[in-house]
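Below is one structure, written out as structure tokens; the observations come after it.
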Amino acid sequence: MALLSTLATQVVFTSAGQAATPAAAGYSLAPAFGDPTLTAADCAADPSCVVAAVPRGNGLDDWSALMASIVSAAGRATSAQPSTVFLPAGVYSLTRPLRLPPNVNLRGSGMTATTLTIAAGSHANFNYSFLVRPDDTTVANSTNLVSDLAVNGNCKVGAGLTSDAVPPSVTCDHGAGDSAGGGIKTGDRWTVEHVRFTNLEYFKLWVNSTTGVRTLDNRFDNLGGSGSGAEDNIGGGGFASDTVVTGNQFDATERGNSLDFTNARGLTFTRNVVYTDPAMLTRYDRDDNGSLYLEAVTDSTITDNVFNGGHIVLKSNAGYTPTGNNKNVTNPARIVVRGNRITGSYGAGITVTYTDYLDADGTTGRVDGAVDASDTTNHTLWSGGGNVISDNVIDSPAESGVLVYGCYEAAKSVADTIAGNTVSNAGTDGSSSYSTGCGTFETVGVGLSIGKGDAVYGNVVTGAAGAPGVSGAWYGIQIGSRTAKTVPAGTVLTDPTGTYPANRSDSVVVGPYRYGRGTPESPVVETGVRTPGGAALTWRESTALSGVPVVGYRVYRAGVLVADLPVGSATIPGNLMSEEAATLETGLGGWTAVAKSTVSRTTGTAAPGVGASSLAITAGAAGQIGANGPMTPVTSGQTYAAVASYRAGAQATGRKARTGVVWLDASGTAISSRLFTANTATVDATDRWTTSSFTAQAPAGAAYARVISAIDSAAAGEIHLMDRIGLVAGAATEGWTDSATPTGTATYQVVAVQSTSIAGSEYSIPVGVRVG
């Protein structure tokens with residue numbers, strides 16, 4: 001269909017707010033398909049057609065004359081033979097809404113020929129109402145057609161009567177409030193075709209509690225200096241069923257979501273073209289524009305659409321006030337999202353969210369079990385799933401490509417399929433990770449953190465133009481996250497039918513897959529400052545977790561690896577200890593043994609980048625062993641961090657290795673007990689170095705501190721090595737200096753690295769900092 005190959009007009013504005021040449025041609029007010037425009041001759045030949053009087057002009061009210069024509073047509077109408085009111089060309093000025101009875105069609109002379117507009121000074125009559133709406137009577141099997149005209153809410157008085165590229169207005173100026181003047185409200189089996197919606201304060205097209213509505217080949221814009229309220233272009237959807245939205249065009253000057261339905265089923269949204277202009281975000285003070293929201297919607301299809309700037313969101317209605325229609329929560333179920341092209345979305349390209357709210361007793365709703373309407377204590381949680389996200393092309397999303405996540409396991413009961421999608425150049429906003437509210441994802445091609453047996457295969461994820469890390473995904477596919485509230489299980493990564501190939505990732509920052517297991521804590525970046533010819537970063541040690549040793553850090557510049565620091569930085573930034581005491585390269589540096597221990601300087605094994613020597617602590621008997629460092633001057637009231645790296649040596653097995661501190665007064669007398677970190681997850685090993693740090697405030701009277709160590713539960717004869725030792729003011733014990741920072745602002749990301757010798761090793765969630 002030719003519609004999908006056209007590009008809607010994107011009006012680009014200069015800083016002075018003047019319109020420039022449209023960025024792309026294609027948005028057109030000429031019909032692309034559907035019924036031919038009715039003519040006066042056609043109407044004259046049809047006994048069921050009434051020709052309305054031409055507009056009076058000069059802003060005079062045309063409502064009475066039009067309603068008289070509508071009443072006349074209604075007298076001829078049946079469900080078997082609807083009647084028609086034909087509107088000649090011109091601008092009809094209305095002081096009240098036009099109310100259509102069942103089986104009465106309203107057909108103009110074309111989107112650019114016939115216009116219905118709200119008369120100046122009459123907007124109060126359209127408060128929470130529309131230019132055209134049903135008259136609220138019902139007839140079995142009735143139909144209505146509204147076509148070939150423009151509805152202009154006169155939001156910006158006198159604007160929008162042309163399609164000229166005049167900057168849209170930010171506010172309306174009719175003075176009747178921000179809910180006065182919508183476009184069209186539909187009834188059962190209404191068809192809205194070839195209608196231009198422009199200059200409207202309230203919802204442009206309202207579909208609510210209806211069945212069988214069709215909206216075909218319409219236009220939504222704010223051209224000609226139009227104003228616009230923030231409501232959706234197509235909104236409502238509450239208990240609407242079997243709605244068809246196809247072939248519509250949304251211009252770059254639009255404001256609001258392209259469509260937002262709640263509590264609906266059977267929606268078909270296909271072959272629509274949605275364009276937004278990033279300049280409109282600033283102009284309208286919005287974070288998003290043009291997106292498609294399905295909230296508590298089931299059994300629907302979203303296929304073959306084009307989105308530029310907007311994105312697709314499937315979610316529950318748990319975010320609404322839990323009363324009335326939204327007391328019970330419905331999660332997205334049995335929705336097919338296929339064959340869409342999404343470019344430059346302002347968030348993730350496609351998201352599917354499963355969630356609920358908690359009742360007063362702190363529990364979620366009764367899962368898939370009806371609750372009586374009179375029950376004010378409990379609600380129903382209708383679980384979701386069975387959605388298919390396939391064969392979509394997502395290019396340059398600000399965040400990830402496809403995300404499927406949830407806050408409660410019970411909110412999803414059927415596996416989803418995420419297959420055959422192509423995601424390129426994810427993360428254009430520069431973020432390497434972000435929170436969904438139900439857990440944190442890195443920027444990935446496809447992310448999944450809820451469900452059992454979900455299928456994820458045949459997806460292709462690529463970085464920016466084949467360049468790793470340049471506005472690209474960190475991973476191809478992410479399955480789970482340590483920070484998520486839910487855990488996926490049994491995810492299927494190979495198509496058992498052979499329809500789709502394996503997932504493929506090209507030019508991503510780290511690798512094809514990311515799992516939630518064994519994810520280290522993220523470091524805390526303290527500083528990122530410009531230095532002569534470079535940049536200096538400092539960060540706090542990551543907190544070790546059980547079974548997740550942190551053995552180093554990696555630094556990326558704009559997603560490109562620039563430093564690999566096993567254990568940690570060779571130089572501890574701002575280290576107050578002497579070089580000898582910190583590295584053991586020239587002697588013991590004042591280190592002494594505690595009970596059951598002996599200490600010595602050994603060469604040949606050292607923390608990477610620190611030198612060739614380390615401190616050997618030998619257990620003379622079973623139990624806790626360790627060492628005391630030299631006295632280092634401190635200031636009372638100042639916070640300090642002590643840090644050291646550990647490795648199991650000869651005849652040793654992994655033990656808990658902990659760093660601590662003891663405070664001393666000016667005479668060298670201890671004024672505190674021996675204080676150690678409470679983190680016991682820092683277990684050393686023979687094949688890696690592990691760091692442990694401890695942060696505390698120097699108490700009153702403190703003049704010195706000793707860095708101390710403890711190796712718990714050592715066996716007699718064991719040797720444990722200690723190296724890369726430091727005491728710093730503050731909390732940052734890691735640092736790195738970039739000597740080749742590009743000019744201008746540079747973005748860095750720091751990740752903690754789990755032991756690469758452990759199967760399934762993972763990085764922490766990246767932490768970013770801008771320098772410049």
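Letters for chains follow the order of the structure tokens (A, B, ...), residue numbers begin at 1 for each chain, and ligand numbers begin at 1 in the order shown.
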Query - Non-local contacts of range 289-304 of chain A (6 Å; only C-alpha atoms; under 6 positions in same chain excluded) as a PyMOL selection string - result: chain A and resi 256-271+310-317+330-340
Take the residues that were just selected and, keeping C-alpha atoms, output them as a PDB file, in the first residue's frame.
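Final output, saved to again.pdb:
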```pdb
ATOM      1  CA  GLY A 256      -0.891  14.107  22.353  1.00  0.00           C
ATOM      2  CA  ASN A 257      -0.872  10.350  21.934  1.00  0.00           C
ATOM      3  CA  SER A 258      -1.881   9.044  18.553  1.00  0.00           C
ATOM      4  CA  LEU A 259      -4.270   6.671  20.352  1.00  0.00           C
ATOM      5  CA  ASP A 260      -4.913   5.816  24.005  1.00  0.00           C
ATOM      6  CA  PHE A 261      -7.528   3.164  24.828  1.00  0.00           C
ATOM      7  CA  THR A 262      -8.427   1.683  28.221  1.00  0.00           C
ATOM      8  CA  ASN A 263     -10.532  -1.368  29.087  1.00  0.00           C
ATOM      9  CA  ALA A 264     -11.065  -2.232  25.444  1.00  0.00           C
ATOM     10  CA  ARG A 265     -10.884  -5.334  23.280  1.00  0.00           C
ATOM     11  CA  GLY A 266     -10.749  -6.189  19.615  1.00  0.00           C
ATOM     12  CA  LEU A 267      -8.867  -3.069  18.443  1.00  0.00           C
ATOM     13  CA  THR A 268      -7.292  -3.198  14.998  1.00  0.00           C
ATOM     14  CA  PHE A 269      -4.719  -0.433  14.512  1.00  0.00           C
ATOM     15  CA  THR A 270      -3.081  -0.913  11.133  1.00  0.00           C
ATOM     16  CA  ARG A 271      -1.282   0.957   8.357  1.00  0.00           C
ATOM     17  CA  GLY A 310       6.226   7.815  19.054  1.00  0.00           C
ATOM     18  CA  HIS A 311       6.264   4.276  20.420  1.00  0.00           C
ATOM     19  CA  ILE A 312       3.936   1.426  21.413  1.00  0.00           C
ATOM     20  CA  VAL A 313       2.950   0.779  25.037  1.00  0.00           C
ATOM     21  CA  LEU A 314       0.927  -2.202  26.300  1.00  0.00           C
ATOM     22  CA  LYS A 315       0.110  -2.037  30.002  1.00  0.00           C
ATOM     23  CA  SER A 316      -2.574  -2.564  32.629  1.00  0.00           C
ATOM     24  CA  ASN A 317      -4.897   0.072  34.056  1.00  0.00           C
ATOM     25  CA  THR A 330      -6.645  -6.069  33.393  1.00  0.00           C
ATOM     26  CA  ASN A 331      -3.200  -6.840  32.014  1.00  0.00           C
ATOM     27  CA  PRO A 332      -2.383  -6.877  28.289  1.00  0.00           C
ATOM     28  CA  ALA A 333      -3.349 -10.217  26.760  1.00  0.00           C
ATOM     29  CA  ARG A 334      -3.437 -11.782  23.300  1.00  0.00           C
ATOM     30  CA  ILE A 335      -2.243  -8.693  21.468  1.00  0.00           C
ATOM     31  CA  VAL A 336      -0.273  -9.005  18.232  1.00  0.00           C
ATOM     32  CA  VAL A 337       2.251  -6.233  17.529  1.00  0.00           C
ATOM     33  CA  ARG A 338       3.741  -7.098  14.166  1.00  0.00           C
ATOM     34  CA  GLY A 339       5.424  -5.459  11.206  1.00  0.00           C
ATOM     35  CA  ASN A 340       5.599  -1.939  12.606  1.00  0.00           C
TER      36      ASN A 340
END
```
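Every protein or nucleic acid residue with an atom no more than 6 Å from Arg189 in chain A, counting only C-alpha atoms and leaving out same-chain residues fewer than 2 positions away, appears here: Thr143, Gly212 and Val213 of chain A.
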Query raised in the report: Excluding same-chain residues fewer than 2 positions from Gln478 in chain A, what lies within 9 Å of it counting only C-alpha atoms, as a list in words?
Result: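 The residues that qualify are Phe441, Glu442, Val444, Gly445, Val446, Gly447, Leu448, Ser449, Tyr475, Gly476, Gly480, Ser481, Pro512, Tyr513, Arg514, Tyr515 and Gly516 of chain A.
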Output the selection as a compact mmCIF listing (two decimals), in the first residue's frame - all heavy atoms for each residue.
```
# COMPACT_ATOMS: atom_id res chain seq x y z
N PHE A 441 16.90 -1.94 33.69
CA PHE A 441 17.46 -2.56 32.50
C PHE A 441 18.65 -1.75 32.01
O PHE A 441 18.66 -0.51 32.10
CB PHE A 441 16.43 -2.62 31.37
CG PHE A 441 15.42 -3.72 31.49
CD1 PHE A 441 14.24 -3.51 32.17
CD2 PHE A 441 15.65 -4.96 30.92
CE1 PHE A 441 13.29 -4.52 32.28
CE2 PHE A 441 14.71 -5.97 31.02
CZ PHE A 441 13.52 -5.75 31.70
N GLU A 442 19.62 -2.45 31.44
CA GLU A 442 20.58 -1.76 30.60
C GLU A 442 19.89 -1.41 29.29
O GLU A 442 18.77 -1.86 29.02
CB GLU A 442 21.79 -2.66 30.31
CG GLU A 442 22.84 -2.62 31.39
CD GLU A 442 22.51 -3.50 32.58
OE1 GLU A 442 21.39 -4.03 32.68
OE2 GLU A 442 23.37 -3.65 33.44
N VAL A 444 19.23 -2.27 25.89
CA VAL A 444 19.34 -3.54 25.20
C VAL A 444 18.43 -3.56 23.98
O VAL A 444 17.56 -2.70 23.82
CB VAL A 444 18.98 -4.73 26.12
CG1 VAL A 444 19.97 -4.82 27.27
CG2 VAL A 444 17.55 -4.60 26.66
N GLY A 445 18.65 -4.55 23.13
CA GLY A 445 17.74 -4.73 22.01
C GLY A 445 16.40 -5.25 22.48
O GLY A 445 15.35 -4.68 22.17
N VAL A 446 16.43 -6.36 23.25
CA VAL A 446 15.22 -6.95 23.80
C VAL A 446 15.47 -7.26 25.27
O VAL A 446 16.49 -7.86 25.62
CB VAL A 446 14.84 -8.25 23.07
CG1 VAL A 446 13.64 -8.91 23.72
CG2 VAL A 446 14.55 -7.98 21.59
N GLY A 447 14.56 -6.85 26.15
CA GLY A 447 14.68 -7.13 27.57
C GLY A 447 13.44 -7.82 28.09
O GLY A 447 12.31 -7.44 27.75
N LEU A 448 13.64 -8.87 28.90
CA LEU A 448 12.54 -9.63 29.47
C LEU A 448 12.83 -9.89 30.94
O LEU A 448 13.91 -10.38 31.28
CB LEU A 448 12.39 -10.97 28.73
CG LEU A 448 11.39 -11.98 29.31
CD1 LEU A 448 9.96 -11.51 29.05
CD2 LEU A 448 11.61 -13.36 28.70
N SER A 449 11.88 -9.56 31.83
CA SER A 449 12.12 -9.81 33.25
C SER A 449 10.91 -10.42 33.96
O SER A 449 10.83 -10.39 35.17
CB SER A 449 12.52 -8.51 33.96
OG SER A 449 11.44 -7.59 34.01
N TYR A 475 23.78 -4.76 25.44
CA TYR A 475 23.62 -6.18 25.23
C TYR A 475 22.57 -6.37 24.14
O TYR A 475 21.74 -5.50 23.92
CB TYR A 475 23.17 -6.90 26.50
CG TYR A 475 24.09 -6.73 27.68
CD1 TYR A 475 23.95 -5.65 28.54
CD2 TYR A 475 25.09 -7.65 27.94
CE1 TYR A 475 24.80 -5.48 29.63
CE2 TYR A 475 25.95 -7.49 29.03
CZ TYR A 475 25.79 -6.41 29.86
OH TYR A 475 26.64 -6.25 30.93
N GLY A 476 22.61 -7.54 23.48
CA GLY A 476 21.56 -7.83 22.53
C GLY A 476 20.26 -8.17 23.21
O GLY A 476 19.24 -7.51 23.02
N GLY A 480 16.09 -11.12 32.49
CA GLY A 480 16.11 -10.94 33.94
C GLY A 480 17.04 -9.84 34.38
O GLY A 480 17.86 -9.33 33.62
N SER A 481 16.91 -9.47 35.63
CA SER A 481 17.75 -8.45 36.24
C SER A 481 17.72 -8.65 37.74
O SER A 481 16.66 -8.95 38.31
CB SER A 481 17.27 -7.04 35.89
OG SER A 481 17.96 -6.07 36.64
N PRO A 512 26.12 -10.57 23.42
CA PRO A 512 24.78 -10.88 22.94
C PRO A 512 23.74 -11.07 24.04
O PRO A 512 22.57 -10.78 23.82
CB PRO A 512 24.99 -12.18 22.15
CG PRO A 512 26.23 -12.77 22.70
CD PRO A 512 27.10 -11.63 23.10
N TYR A 513 24.16 -11.58 25.22
CA TYR A 513 23.18 -11.88 26.26
C TYR A 513 23.57 -11.27 27.59
O TYR A 513 24.74 -11.12 27.92
CB TYR A 513 23.02 -13.40 26.44
CG TYR A 513 22.22 -14.03 25.32
CD1 TYR A 513 22.87 -14.67 24.26
CD2 TYR A 513 20.83 -13.98 25.32
CE1 TYR A 513 22.14 -15.25 23.23
CE2 TYR A 513 20.10 -14.56 24.30
CZ TYR A 513 20.76 -15.19 23.25
OH TYR A 513 20.03 -15.75 22.23
N ARG A 514 22.55 -10.95 28.37
CA ARG A 514 22.72 -10.42 29.71
C ARG A 514 21.69 -11.14 30.59
O ARG A 514 20.51 -11.20 30.23
CB ARG A 514 22.46 -8.92 29.71
CG ARG A 514 22.12 -8.30 31.05
CD ARG A 514 23.34 -8.21 31.90
NE ARG A 514 23.39 -6.98 32.67
CZ ARG A 514 23.80 -6.93 33.91
NH1 ARG A 514 24.16 -8.04 34.52
NH2 ARG A 514 23.89 -5.78 34.54
N TYR A 515 22.14 -11.71 31.70
CA TYR A 515 21.25 -12.43 32.60
C TYR A 515 21.21 -11.73 33.95
O TYR A 515 22.13 -11.00 34.32
CB TYR A 515 21.68 -13.88 32.76
CG TYR A 515 21.55 -14.68 31.49
CD1 TYR A 515 22.61 -14.77 30.60
CD2 TYR A 515 20.36 -15.32 31.17
CE1 TYR A 515 22.49 -15.50 29.41
CE2 TYR A 515 20.23 -16.04 30.00
CZ TYR A 515 21.29 -16.13 29.12
OH TYR A 515 21.15 -16.83 27.96
N GLY A 516 20.18 -12.00 34.72
CA GLY A 516 20.05 -11.36 36.02
C GLY A 516 20.89 -12.00 37.10
O GLY A 516 21.17 -11.38 38.12
```
**Report entry** Near-Asp564 in chain A list (8 Å; only C-alpha atoms; drop same-chain fewer than 3 positions) as a list in words
**Finding:**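 Selected residues are Gly552, Tyr553, Arg554, Val555 and Leu561 of chain A.
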Could those residues be written to a file, using C-alpha atoms, as a short mmCIF file (atom, residue, chain, number, x, y, z; two decimals), in the first residue's frame?
```
data_model
loop_
_atom_site.label_atom_id
_atom_site.label_comp_id
_atom_site.auth_asym_id
_atom_site.auth_seq_id
_atom_site.Cartn_x
_atom_site.Cartn_y
_atom_site.Cartn_z
CA GLY A 552 37.65 -5.22 38.85
CA TYR A 553 36.11 -2.36 36.96
CA ARG A 554 35.75 -1.36 33.34
CA VAL A 555 35.43 2.20 32.09
CA LEU A 561 35.86 0.32 26.37
#
```
Requested in this report: May I have the residues within 10 Å of Gly108 in chain A as a ChimeraX atom specification, using only C-alpha atoms and disregarding those fewer than 5 positions away in the same chain?
Outcome: /A:37-40,52,85-90,113-116,146-150,194-195
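Among A:Ser169, A:Val707, A:Thr653, A:His174, the residue with the shortest atom-to-atom distance to Tyr284 in chain A, counting only C-alpha atoms, is A:Ser169.
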Requested in this report: Would you mind telling me which residue in A:Ile479, A:Ala230, A:Val728, A:Val456 lies nearest to Ala641 in chain A when using only C-alpha atoms?
Outcome: A:Val728
Report task. May I ask for the distance between CA of Arg286 in chain A and CA of Glu231 in chain A, given in Å to one decimal place? Result ->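 Spanning CA of Arg286 in chain A to CA of Glu231 in chain A is a straight-line distance of 12.1 Å.
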Report task. Work out how far apart CA of Gly349 in chain A and CA of Asp416 in chain A are and give it in Å to one decimal. Result ->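 Those two atoms sit 16.9 Å apart.
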Query raised in the report: What does the distance from CA of Ala746 in chain A to CA of Asn575 in chain A come to in Å, to one decimal?
Result: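 Rounded to one decimal, the two atoms are 26.3 Å apart.
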Query raised in the report: Any idea what's packed within 7 Å of Trp539 in chain A, counting only C-alpha atoms, ignoring anything in its chain fewer than 6 positions away? Could you give it as number ranges by chain?
Result: A: 523-527, 732-735
Which residues of range 239-320 of chain A have any atom within 12 Å of an atom in range 156-168 of chain A when counting only C-alpha atoms, and what is the closest pair of atoms for each, with the distance in Å to one decimal? Order the rows by chain and rising number and write it as a Markdown table.
```
| residue | atom | partner | partner_atom | distance |
| --- | --- | --- | --- | --- |
| A:Asp251 | CA | A:Ser163 | CA | 10.7 |
| A:Ala252 | CA | A:Pro168 | CA | 10.7 |
| A:Thr253 | CA | A:Pro168 | CA | 7.0 |
| A:Glu254 | CA | A:Pro168 | CA | 9.0 |
| A:Arg255 | CA | A:Pro168 | CA | 9.8 |
| A:Asp277 | CA | A:Pro167 | CA | 11.9 |
| A:Ala279 | CA | A:Pro167 | CA | 10.6 |
| A:Met280 | CA | A:Pro168 | CA | 9.0 |
| A:Arg283 | CA | A:Pro168 | CA | 8.8 |
| A:Tyr284 | CA | A:Pro168 | CA | 9.5 |
```
Write the selection just made, keeping N, CA and C atoms, as a compact mmCIF listing (two decimals), in the first residue's frame?
```
# COMPACT_ATOMS: atom_id res chain seq x y z
N ASP A 251 0.28 14.28 11.53
CA ASP A 251 1.36 15.17 11.12
C ASP A 251 2.31 15.46 12.27
N ALA A 252 3.49 15.92 11.93
CA ALA A 252 4.52 16.21 12.93
C ALA A 252 4.13 17.32 13.88
N THR A 253 3.13 18.13 13.54
CA THR A 253 2.70 19.20 14.42
C THR A 253 1.65 18.75 15.44
N GLU A 254 1.31 17.46 15.42
CA GLU A 254 0.29 16.95 16.35
C GLU A 254 0.74 17.14 17.80
N ARG A 255 -0.22 17.04 18.71
CA ARG A 255 0.04 17.04 20.14
C ARG A 255 -0.80 15.96 20.79
N ASP A 277 7.63 15.73 15.56
CA ASP A 277 8.83 16.55 15.41
C ASP A 277 9.40 16.79 16.80
N ALA A 279 11.04 19.08 17.87
CA ALA A 279 10.85 20.48 18.25
C ALA A 279 9.52 20.71 18.95
N MET A 280 8.54 19.84 18.66
CA MET A 280 7.23 19.98 19.30
C MET A 280 7.30 19.62 20.78
N ARG A 283 8.25 22.75 22.32
CA ARG A 283 7.19 23.76 22.13
C ARG A 283 5.99 23.47 23.02
N TYR A 284 5.64 22.19 23.15
CA TYR A 284 4.49 21.80 23.96
C TYR A 284 4.86 21.42 25.39
```
